[in-house]
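Just coords.cif here, mmCIF, C-alpha atoms:
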data_structure
#
loop_
_atom_site.label_atom_id
_atom_site.label_comp_id
_atom_site.auth_asym_id
_atom_site.auth_seq_id
_atom_site.Cartn_x
_atom_site.Cartn_y
_atom_site.Cartn_z
CA MET A 15 -24.16 10.88 8.48
CA PHE A 16 -22.30 9.26 11.36
CA LEU A 17 -25.63 8.34 12.98
CA LEU A 18 -26.80 6.59 9.79
CA LEU A 19 -23.56 4.61 9.61
CA ILE A 20 -23.79 3.63 13.28
CA ILE A 21 -27.36 2.44 12.69
CA SER A 22 -26.15 0.42 9.67
CA LEU A 23 -23.35 -1.09 11.74
CA ALA A 24 -25.70 -1.98 14.58
CA ALA A 25 -28.20 -3.52 12.14
CA GLY A 26 -25.40 -5.53 10.56
CA LEU A 27 -24.14 -6.76 13.93
CA PHE A 28 -27.66 -7.85 14.87
CA CYS A 29 -28.28 -9.63 11.54
CA GLY A 30 -24.86 -11.26 11.68
CA ALA A 31 -25.48 -12.60 15.16
CA LEU A 32 -28.82 -14.09 14.00
CA ALA A 33 -27.71 -15.34 10.57
CA GLY A 34 -24.45 -17.06 11.47
CA GLU A 35 -21.09 -17.29 9.70
CA THR A 36 -22.14 -18.95 6.42
CA ILE A 37 -24.77 -16.39 5.48
CA ALA A 38 -22.56 -13.53 6.70
CA LEU A 39 -19.81 -14.72 4.35
CA GLN A 40 -22.23 -14.80 1.39
CA ILE A 41 -23.37 -11.26 2.16
CA SER A 42 -19.77 -10.10 2.46
CA GLU A 43 -18.82 -11.65 -0.93
CA SER A 44 -21.74 -10.02 -2.73
CA SER A 45 -20.83 -6.57 -1.39
CA GLU A 46 -17.82 -6.24 -3.73
CA TRP A 47 -19.95 -4.56 -6.43
CA VAL A 48 -21.16 -1.98 -3.95
CA LEU A 49 -17.52 -1.17 -3.19
CA TYR A 50 -16.77 -0.61 -6.89
CA ILE A 51 -19.72 1.78 -7.15
CA LEU A 52 -18.48 3.64 -4.07
CA MET A 53 -14.98 3.93 -5.59
CA LEU A 54 -16.46 5.30 -8.80
CA THR A 55 -18.43 7.99 -6.93
CA VAL A 56 -15.35 8.89 -4.85
CA GLY A 57 -13.34 9.32 -8.05
CA ILE A 58 -16.06 11.53 -9.52
CA SER A 59 -16.14 13.73 -6.38
CA VAL A 60 -12.38 14.20 -6.46
CA GLY A 61 -12.24 14.70 -10.24
CA ARG A 62 -14.84 17.50 -10.06
CA ASN A 63 -12.45 19.58 -7.94
CA ARG A 64 -10.77 21.32 -10.88
CA THR A 65 -9.77 24.38 -8.85
CA VAL A 66 -7.40 22.26 -6.77
CA LEU A 67 -5.08 21.69 -9.75
CA ASP A 68 -5.08 25.44 -10.51
CA LYS A 69 -4.13 26.28 -6.94
CA ILE A 70 -1.33 23.72 -6.86
CA ARG A 71 0.03 25.12 -10.13
CA LYS A 72 0.03 28.67 -8.72
CA THR A 73 1.53 27.90 -5.30
CA GLY A 74 3.85 25.13 -6.39
CA CYS A 75 5.40 22.49 -4.18
CA LYS A 76 4.89 24.49 -0.98
CA MET A 77 1.25 23.39 -0.88
CA LEU A 78 2.22 19.73 -1.15
CA VAL A 79 4.39 19.82 1.99
CA ILE A 80 1.35 19.52 4.24
CA PRO A 81 -0.28 16.40 2.71
CA VAL A 82 3.15 14.76 2.43
CA GLY A 83 3.80 15.46 6.12
CA ILE A 84 0.34 14.24 7.14
CA ILE A 85 0.62 11.00 5.19
CA ALA A 86 4.19 10.24 6.28
CA GLY A 87 3.42 11.01 9.93
CA SER A 88 0.16 9.06 9.94
CA VAL A 89 1.67 5.98 8.30
CA ALA A 90 4.67 6.02 10.64
CA GLY A 91 2.29 6.32 13.60
CA GLY A 92 0.17 3.48 12.26
CA ILE A 93 3.16 1.18 11.90
CA LEU A 94 4.25 2.00 15.46
CA CYS A 95 0.75 1.16 16.73
CA ALA A 96 0.83 -2.14 14.84
CA ILE A 97 4.16 -3.02 16.48
CA LEU A 98 2.85 -2.12 19.94
CA LEU A 99 -0.36 -4.13 19.42
CA GLN A 100 1.39 -7.06 17.72
CA MET A 101 -0.53 -6.62 14.50
CA ALA A 102 0.75 -6.86 10.93
CA TRP A 103 2.67 -3.66 10.07
CA ASN A 104 0.80 -3.18 6.81
CA ASP A 105 -2.57 -3.39 8.57
CA GLY A 106 -1.40 -0.63 10.91
CA ALA A 107 -0.23 1.48 7.98
CA SER A 108 -3.54 0.87 6.19
CA ILE A 109 -5.62 1.85 9.21
CA ALA A 110 -3.65 5.09 9.63
CA SER A 111 -3.96 5.72 5.87
CA GLY A 112 -7.66 6.31 6.46
CA LEU A 113 -6.56 9.88 7.36
CA GLY A 114 -9.84 10.55 9.14
CA TRP A 115 -12.15 9.26 6.41
CA TYR A 116 -13.83 6.70 8.64
CA SER A 117 -16.61 5.49 6.34
CA LEU A 118 -14.39 4.64 3.37
CA SER A 119 -11.41 3.26 5.31
CA GLY A 120 -13.65 1.09 7.48
CA VAL A 121 -15.49 -0.59 4.63
CA LEU A 122 -12.44 -0.87 2.37
CA LEU A 123 -10.34 -2.52 5.05
CA SER A 124 -13.19 -4.76 6.10
CA GLU A 125 -13.20 -6.13 2.53
CA LEU A 126 -9.44 -6.32 2.18
CA ALA A 127 -8.22 -7.25 5.65
CA GLY A 128 -11.20 -8.60 7.55
CA PRO A 129 -13.92 -7.14 9.79
CA GLU A 130 -11.71 -6.62 12.88
CA VAL A 131 -9.26 -4.37 11.00
CA GLY A 132 -12.24 -2.70 9.31
CA VAL A 133 -13.86 -1.83 12.65
CA ILE A 134 -10.58 -0.49 14.07
CA ALA A 135 -10.18 1.66 10.95
CA PHE A 136 -13.77 2.89 11.25
CA LEU A 137 -13.54 3.74 14.97
CA SER A 138 -10.01 5.17 14.95
CA ASN A 139 -10.64 7.43 11.99
CA PHE A 140 -13.91 8.59 13.50
CA LEU A 141 -12.04 9.36 16.73
CA ARG A 142 -9.43 11.27 14.70
CA GLU A 143 -12.19 13.49 13.29
CA PHE A 144 -13.69 13.93 16.77
CA LEU A 145 -10.29 14.85 18.25
CA THR A 146 -9.80 17.35 15.44
CA PHE A 147 -12.94 19.26 16.45
CA LEU A 148 -11.72 19.41 20.04
CA LEU A 149 -8.05 20.21 19.43
CA ILE A 150 -8.02 22.71 16.53
CA PRO A 151 -8.15 25.78 18.83
CA LEU A 152 -5.33 24.47 21.05
CA VAL A 153 -3.10 23.21 18.26
CA THR A 154 -3.43 26.33 16.07
CA SER A 155 -2.65 28.60 19.03
CA ARG A 156 0.25 26.60 20.49
CA LEU A 157 1.87 25.36 17.25
CA ASN A 158 0.75 26.89 13.94
CA ALA A 159 -2.25 27.02 11.61
CA TYR A 160 -0.95 24.24 9.35
CA CYS A 161 -0.97 21.83 12.29
CA GLY A 162 -4.72 22.37 12.47
CA ILE A 163 -4.90 21.04 8.91
CA ALA A 164 -2.72 18.10 9.91
CA LEU A 165 -5.19 17.15 12.63
CA GLY A 166 -8.06 16.87 10.17
CA ALA A 167 -6.11 15.28 7.31
CA ALA A 168 -8.67 14.17 4.70
CA THR A 169 -11.50 15.92 6.54
CA SER A 170 -9.85 19.34 6.25
CA GLU A 171 -11.77 20.06 3.03
CA ASP A 172 -15.26 19.58 4.48
CA THR A 173 -16.32 18.43 7.94
CA THR A 174 -13.54 20.05 9.98
CA LEU A 175 -13.09 23.10 7.71
CA PRO A 176 -15.85 25.15 9.43
CA VAL A 177 -13.96 24.90 12.73
CA LEU A 178 -10.59 25.67 11.11
CA ILE A 179 -11.96 28.79 9.40
CA LYS A 180 -12.40 30.51 12.77
CA TYR A 181 -8.72 30.20 13.66
CA VAL A 182 -6.70 30.54 10.44
CA SER A 183 -6.14 33.02 7.61
CA GLU A 184 -7.73 32.83 4.14
CA GLU A 185 -4.51 31.57 2.57
CA VAL A 186 -4.41 28.66 5.00
CA ILE A 187 -8.03 27.82 4.20
CA VAL A 188 -6.98 27.30 0.59
CA PHE A 189 -4.17 25.01 1.81
CA SER A 190 -6.76 23.16 3.89
CA VAL A 191 -9.11 22.50 0.98
CA VAL A 192 -6.31 21.40 -1.34
CA ASN A 193 -4.89 19.16 1.38
CA GLY A 194 -8.29 17.59 2.02
CA VAL A 195 -8.85 16.81 -1.64
CA LEU A 196 -5.37 15.32 -2.09
CA CYS A 197 -5.57 13.24 1.08
CA SER A 198 -9.06 12.02 0.19
CA ALA A 199 -7.88 10.96 -3.26
CA LEU A 200 -4.95 9.09 -1.75
CA VAL A 201 -6.85 7.21 1.01
CA PRO A 202 -8.04 4.31 -1.22
CA VAL A 203 -4.71 4.25 -3.07
CA LEU A 204 -2.61 4.04 0.10
CA ILE A 205 -4.85 1.41 1.70
CA ARG A 206 -4.70 -0.72 -1.44
CA ILE A 207 -0.92 -0.38 -1.72
CA PHE A 208 -0.30 -1.41 1.88
CA GLN A 209 -2.64 -4.35 1.58
CA ILE A 210 -0.54 -5.74 -1.28
CA PHE A 211 1.94 -6.73 1.43
CA SER A 212 -0.56 -9.06 3.14
CA MET B 21 -5.94 -3.16 -8.73
CA ALA B 22 -9.45 -3.22 -10.20
CA MET B 23 -10.51 -0.89 -7.41
CA LEU B 24 -7.82 1.65 -8.34
CA LEU B 25 -8.85 1.37 -11.98
CA VAL B 26 -12.46 2.14 -11.07
CA LEU B 27 -11.25 5.10 -8.96
CA GLY B 28 -9.25 6.35 -11.94
CA ILE B 29 -12.27 6.03 -14.24
CA GLY B 30 -14.31 8.03 -11.73
CA LEU B 31 -11.58 10.70 -11.62
CA LEU B 32 -11.65 10.98 -15.40
CA ILE B 33 -15.44 11.17 -15.52
CA GLY B 34 -15.45 13.83 -12.80
CA LEU B 35 -12.71 15.83 -14.51
CA ARG B 36 -14.19 15.80 -18.04
CA TRP B 37 -17.86 14.88 -18.29
CA PHE B 38 -19.71 14.85 -14.99
CA PRO B 39 -22.26 17.70 -14.72
CA ALA B 40 -22.42 19.87 -11.59
CA SER B 41 -26.13 19.05 -11.33
CA GLY B 42 -25.29 15.41 -10.70
CA LEU B 43 -23.08 16.03 -7.65
CA ARG B 44 -25.94 15.81 -5.19
CA TRP B 45 -26.92 12.36 -6.51
CA ASN B 46 -23.27 11.34 -6.47
CA THR B 47 -23.10 12.20 -2.77
CA ARG B 48 -26.33 10.32 -2.04
CA ILE B 49 -25.10 7.21 -3.84
CA GLN B 50 -21.86 7.44 -1.83
CA LEU B 51 -23.83 7.51 1.41
CA ILE B 52 -26.07 4.58 0.39
CA CYS B 53 -23.06 2.50 -0.67
CA ALA B 54 -21.25 3.36 2.56
CA MET B 55 -24.30 2.32 4.61
CA LEU B 56 -24.61 -0.98 2.74
CA LEU B 57 -20.94 -1.75 3.16
CA VAL B 58 -20.95 -0.82 6.86
CA PHE B 59 -23.98 -3.14 7.22
CA CYS B 60 -21.99 -5.96 5.56
CA MET B 61 -19.04 -5.22 7.82
CA GLY B 62 -21.36 -5.42 10.82
CA THR B 63 -22.81 -8.72 9.57
CA ALA B 64 -19.36 -10.25 9.23
CA LEU B 65 -18.42 -9.07 12.71
CA GLY B 66 -21.75 -10.03 14.28
CA SER B 67 -21.46 -13.62 13.11
CA ARG B 68 -18.23 -14.16 15.06
CA PRO B 69 -18.63 -16.36 18.17
CA ASN B 70 -16.58 -14.17 20.60
CA LEU B 71 -17.93 -10.85 19.37
CA TRP B 72 -18.34 -9.01 22.68
CA GLN B 73 -14.88 -9.90 23.97
CA GLU B 74 -13.42 -8.74 20.67
CA LEU B 75 -15.36 -5.46 20.75
CA GLN B 76 -14.03 -4.71 24.23
CA ALA B 77 -10.51 -5.16 22.91
CA LEU B 78 -11.13 -3.07 19.77
CA GLY B 79 -12.00 0.14 21.68
CA PRO B 80 -8.57 0.79 23.23
CA LYS B 81 -6.82 -0.32 20.01
CA SER B 82 -8.89 2.18 18.03
CA LEU B 83 -8.03 4.97 20.47
CA LEU B 84 -4.32 4.23 20.08
CA PHE B 85 -4.67 4.28 16.29
CA ALA B 86 -6.48 7.62 16.54
CA VAL B 87 -3.97 9.33 18.81
CA ILE B 88 -0.52 8.22 17.65
CA PRO B 89 -0.85 8.73 13.86
CA THR B 90 -2.54 12.10 14.49
CA LEU B 91 0.22 13.16 16.87
CA PHE B 92 2.98 12.08 14.46
CA SER B 93 1.38 13.87 11.51
CA VAL B 94 0.91 17.11 13.52
CA LEU B 95 4.53 17.06 14.73
CA LEU B 96 5.90 16.33 11.26
CA VAL B 97 3.83 19.09 9.64
CA TYR B 98 4.97 21.47 12.42
CA GLY B 99 8.59 20.70 11.61
CA LEU B 100 8.07 21.09 7.87
CA THR B 101 6.12 24.38 8.12
CA ARG B 102 8.16 26.26 10.70
CA LYS B 103 9.44 28.63 8.03
CA PHE B 104 5.99 29.27 6.57
CA PRO B 105 4.09 32.48 7.46
CA ASN B 106 2.18 32.25 10.75
CA GLY B 107 -1.21 31.66 9.15
CA LYS B 108 -3.30 32.42 12.24
CA ARG B 109 -6.40 34.60 12.12
#
As structure tokens, please, write out the structure in this file.
Amino acid sequence: MFLLLIISLAAGLFCGALAGETIALQISESSEWVLYILMLTVGISVGRNRTVLDKIRKTGCKMLVIPVGIIAGSVAGGILCAILLQMAWNDGASIASGLGWYSLSGVLLSELAGPEVGVIAFLSNFLREFLTFLLIPLVTSRLNAYCGIALGAATSEDTTLPVLIKYVSEEVIVFSVVNGVLCSALVPVLIRIFQIFS
Amino acid sequence: MAMLLVLGIGLLIGLRWFPASGLRWNTRIQLICAMLLVFCMGTALGSRPNLWQELQALGPKSLLFAVIPTLFSVLLVYGLTRKFPNGKR
């Protein structure tokens, strides 16, 4: 999937360089409907996960500690990065609110905050996923299993779950899936909320 | 706000009416939409006059945004879960 998105990005860069700013702006404005369709499909994917609600009901608030910690830590880190890079604090918070979901955060922020912020969101969240693959063994052995979930954030329900499975217990795998679903559901919400402050 | 409303509608559809057989198509549509939007993002970026200088600056910024939020979230979760069972395999 990443390869397809990189090809799309490269094709867009090439067409943009040839077409110029006026046509690029027209293309950008007409893409809003595509974004709405994407949001609808994201909602459907999350809504289909009925078992998540059952698991949260059984385990209670304990399961929510991990997504709360991930979101709070990520947003705080994003605001710090924005301060260090002299960017708007809410753009930093929005970028970090991607929580590893590089495709959605990149395109959403490109629409809401401009292509530069969108590309940073795309690349940084991709790098977060890449770092997760590399660091899960180290983090789970040196800290604890739940920190492995924190690395992956929104990707802990799918792409990084196969790596996590090798290092954590079955109970933690359930935490990982629930965390991934919750974080994924909150990515567009958090980004939209922080962009209100623009 | 319209975006959140659409997300909410999708949630409701997924929760109540969407058949399991449609999930594969849902995923494909997601991918196609993501590709189209990434293409549009690339177009907007590609049309900028100082593109290459900007791209050189975006790499290190992206790395910082990858490392620091990840580090903060790992440390915070570590602090919050210290009393949880070990959880290792």
- Item | Residue contacts of Asp105 of chain A (9 Å, all atoms listed in the file) excluding same-chain residues fewer than 4 positions away, as a list in words |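 So, after excluding close chain neighbours, the residues are Gly92, Ile93, Ala96, Met101, Ile109, Ala110, Leu123, Ala127, Val131, Ile205, Phe208, Gln209 and Ser212 of chain A.
The nearest approach to chain B among the residues A:Leu200, A:Ile210, A:Lys69, A:Val182, with only C-alpha atoms taken into account, belongs to A:Val182.
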- Query: If you measure from atom CA of Gln40 of chain A to atom CA of Ala64 of chain B, what distance in Å do you get, rounded to one decimal?
  - Reply: 9.5 Å
- Name the residues that the PyMOL selection byres ((chain B) within 7 of (chain A)) picks from the file above, as a count of residues only, using the file's chain letters and numbers. 48
- Any idea what the distance is between atom CA of Pro69 of chain B and atom CA of Leu51 of chain B?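 Atom CA of Leu51 of chain B lies at a distance of 29.6 Å from atom CA of Pro69 of chain B.
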- Query: Could you work out how far atom CA of Leu204 of chain A lies from atom CA of Ala22 of chain B, giving the answer in Å with one decimal?
  - Reply: 14.3 Å
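When only C-alpha atoms are used to compute distances to Leu152 of chain A, the closest of the residues A:Val177, A:Ala168, A:Ala102, A:Leu196 turns out to be A:Val177.
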Reconstructed N, CA, C and O atoms for segment 55-71 of chain B, given as a PDB file, in the frame of the given file:
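Below is the file that was written, part04.pdb:
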ATOM      1  N   MET B  55     -23.404   2.972   3.640  1.00  0.00           N
ATOM      2  CA  MET B  55     -24.300   2.320   4.610  1.00  0.00           C
ATOM      3  C   MET B  55     -24.402   0.827   4.345  1.00  0.00           C
ATOM      4  O   MET B  55     -24.373   0.020   5.280  1.00  0.00           O
ATOM      5  N   LEU B  56     -24.518   0.447   3.074  1.00  0.00           N
ATOM      6  CA  LEU B  56     -24.610  -0.980   2.740  1.00  0.00           C
ATOM      7  C   LEU B  56     -23.341  -1.712   3.128  1.00  0.00           C
ATOM      8  O   LEU B  56     -23.386  -2.829   3.676  1.00  0.00           O
ATOM      9  N   LEU B  57     -22.212  -1.084   2.852  1.00  0.00           N
ATOM     10  CA  LEU B  57     -20.940  -1.750   3.160  1.00  0.00           C
ATOM     11  C   LEU B  57     -20.699  -1.822   4.665  1.00  0.00           C
ATOM     12  O   LEU B  57     -20.172  -2.826   5.154  1.00  0.00           O
ATOM     13  N   VAL B  58     -21.078  -0.780   5.392  1.00  0.00           N
ATOM     14  CA  VAL B  58     -20.950  -0.820   6.860  1.00  0.00           C
ATOM     15  C   VAL B  58     -21.871  -1.907   7.416  1.00  0.00           C
ATOM     16  O   VAL B  58     -21.512  -2.633   8.349  1.00  0.00           O
ATOM     17  N   PHE B  59     -23.064  -2.060   6.819  1.00  0.00           N
ATOM     18  CA  PHE B  59     -23.980  -3.140   7.220  1.00  0.00           C
ATOM     19  C   PHE B  59     -23.316  -4.495   7.017  1.00  0.00           C
ATOM     20  O   PHE B  59     -23.345  -5.362   7.907  1.00  0.00           O
ATOM     21  N   CYS B  60     -22.682  -4.690   5.855  1.00  0.00           N
ATOM     22  CA  CYS B  60     -21.990  -5.960   5.560  1.00  0.00           C
ATOM     23  C   CYS B  60     -20.850  -6.196   6.532  1.00  0.00           C
ATOM     24  O   CYS B  60     -20.623  -7.327   6.997  1.00  0.00           O
ATOM     25  N   MET B  61     -20.134  -5.125   6.854  1.00  0.00           N
ATOM     26  CA  MET B  61     -19.040  -5.220   7.820  1.00  0.00           C
ATOM     27  C   MET B  61     -19.591  -5.659   9.175  1.00  0.00           C
ATOM     28  O   MET B  61     -19.039  -6.538   9.837  1.00  0.00           O
ATOM     29  N   GLY B  62     -20.716  -5.056   9.561  1.00  0.00           N
ATOM     30  CA  GLY B  62     -21.360  -5.420  10.820  1.00  0.00           C
ATOM     31  C   GLY B  62     -21.823  -6.868  10.824  1.00  0.00           C
ATOM     32  O   GLY B  62     -21.693  -7.576  11.822  1.00  0.00           O
ATOM     33  N   THR B  63     -22.343  -7.328   9.687  1.00  0.00           N
ATOM     34  CA  THR B  63     -22.810  -8.720   9.570  1.00  0.00           C
ATOM     35  C   THR B  63     -21.652  -9.684   9.774  1.00  0.00           C
ATOM     36  O   THR B  63     -21.771 -10.674  10.511  1.00  0.00           O
ATOM     37  N   ALA B  64     -20.531  -9.383   9.101  1.00  0.00           N
ATOM     38  CA  ALA B  64     -19.360 -10.250   9.230  1.00  0.00           C
ATOM     39  C   ALA B  64     -18.870 -10.299  10.677  1.00  0.00           C
ATOM     40  O   ALA B  64     -18.507 -11.351  11.201  1.00  0.00           O
ATOM     41  N   LEU B  65     -18.874  -9.153  11.320  1.00  0.00           N
ATOM     42  CA  LEU B  65     -18.420  -9.070  12.710  1.00  0.00           C
ATOM     43  C   LEU B  65     -19.412  -9.740  13.651  1.00  0.00           C
ATOM     44  O   LEU B  65     -19.040 -10.485  14.561  1.00  0.00           O
ATOM     45  N   GLY B  66     -20.703  -9.500  13.405  1.00  0.00           N
ATOM     46  CA  GLY B  66     -21.750 -10.030  14.280  1.00  0.00           C
ATOM     47  C   GLY B  66     -21.836 -11.542  14.289  1.00  0.00           C
ATOM     48  O   GLY B  66     -22.306 -12.135  15.263  1.00  0.00           O
ATOM     49  N   SER B  67     -21.367 -12.162  13.203  1.00  0.00           N
ATOM     50  CA  SER B  67     -21.460 -13.620  13.110  1.00  0.00           C
ATOM     51  C   SER B  67     -20.332 -14.317  13.869  1.00  0.00           C
ATOM     52  O   SER B  67     -20.335 -15.525  13.999  1.00  0.00           O
ATOM     53  N   ARG B  68     -19.372 -13.543  14.357  1.00  0.00           N
ATOM     54  CA  ARG B  68     -18.230 -14.160  15.060  1.00  0.00           C
ATOM     55  C   ARG B  68     -18.647 -14.626  16.452  1.00  0.00           C
ATOM     56  O   ARG B  68     -19.365 -13.900  17.155  1.00  0.00           O
ATOM     57  N   PRO B  69     -18.166 -15.786  16.885  1.00  0.00           N
ATOM     58  CA  PRO B  69     -18.630 -16.360  18.170  1.00  0.00           C
ATOM     59  C   PRO B  69     -18.222 -15.527  19.399  1.00  0.00           C
ATOM     60  O   PRO B  69     -19.000 -15.396  20.322  1.00  0.00           O
ATOM     61  N   ASN B  70     -17.030 -14.917  19.400  1.00  0.00           N
ATOM     62  CA  ASN B  70     -16.580 -14.170  20.600  1.00  0.00           C
ATOM     63  C   ASN B  70     -16.685 -12.667  20.388  1.00  0.00           C
ATOM     64  O   ASN B  70     -15.796 -11.912  20.778  1.00  0.00           O
ATOM     65  N   LEU B  71     -17.769 -12.248  19.789  1.00  0.00           N
ATOM     66  CA  LEU B  71     -17.930 -10.850  19.370  1.00  0.00           C
ATOM     67  C   LEU B  71     -17.706  -9.855  20.498  1.00  0.00           C
ATOM     68  O   LEU B  71     -16.934  -8.910  20.362  1.00  0.00           O
TER      69      LEU B  71
END
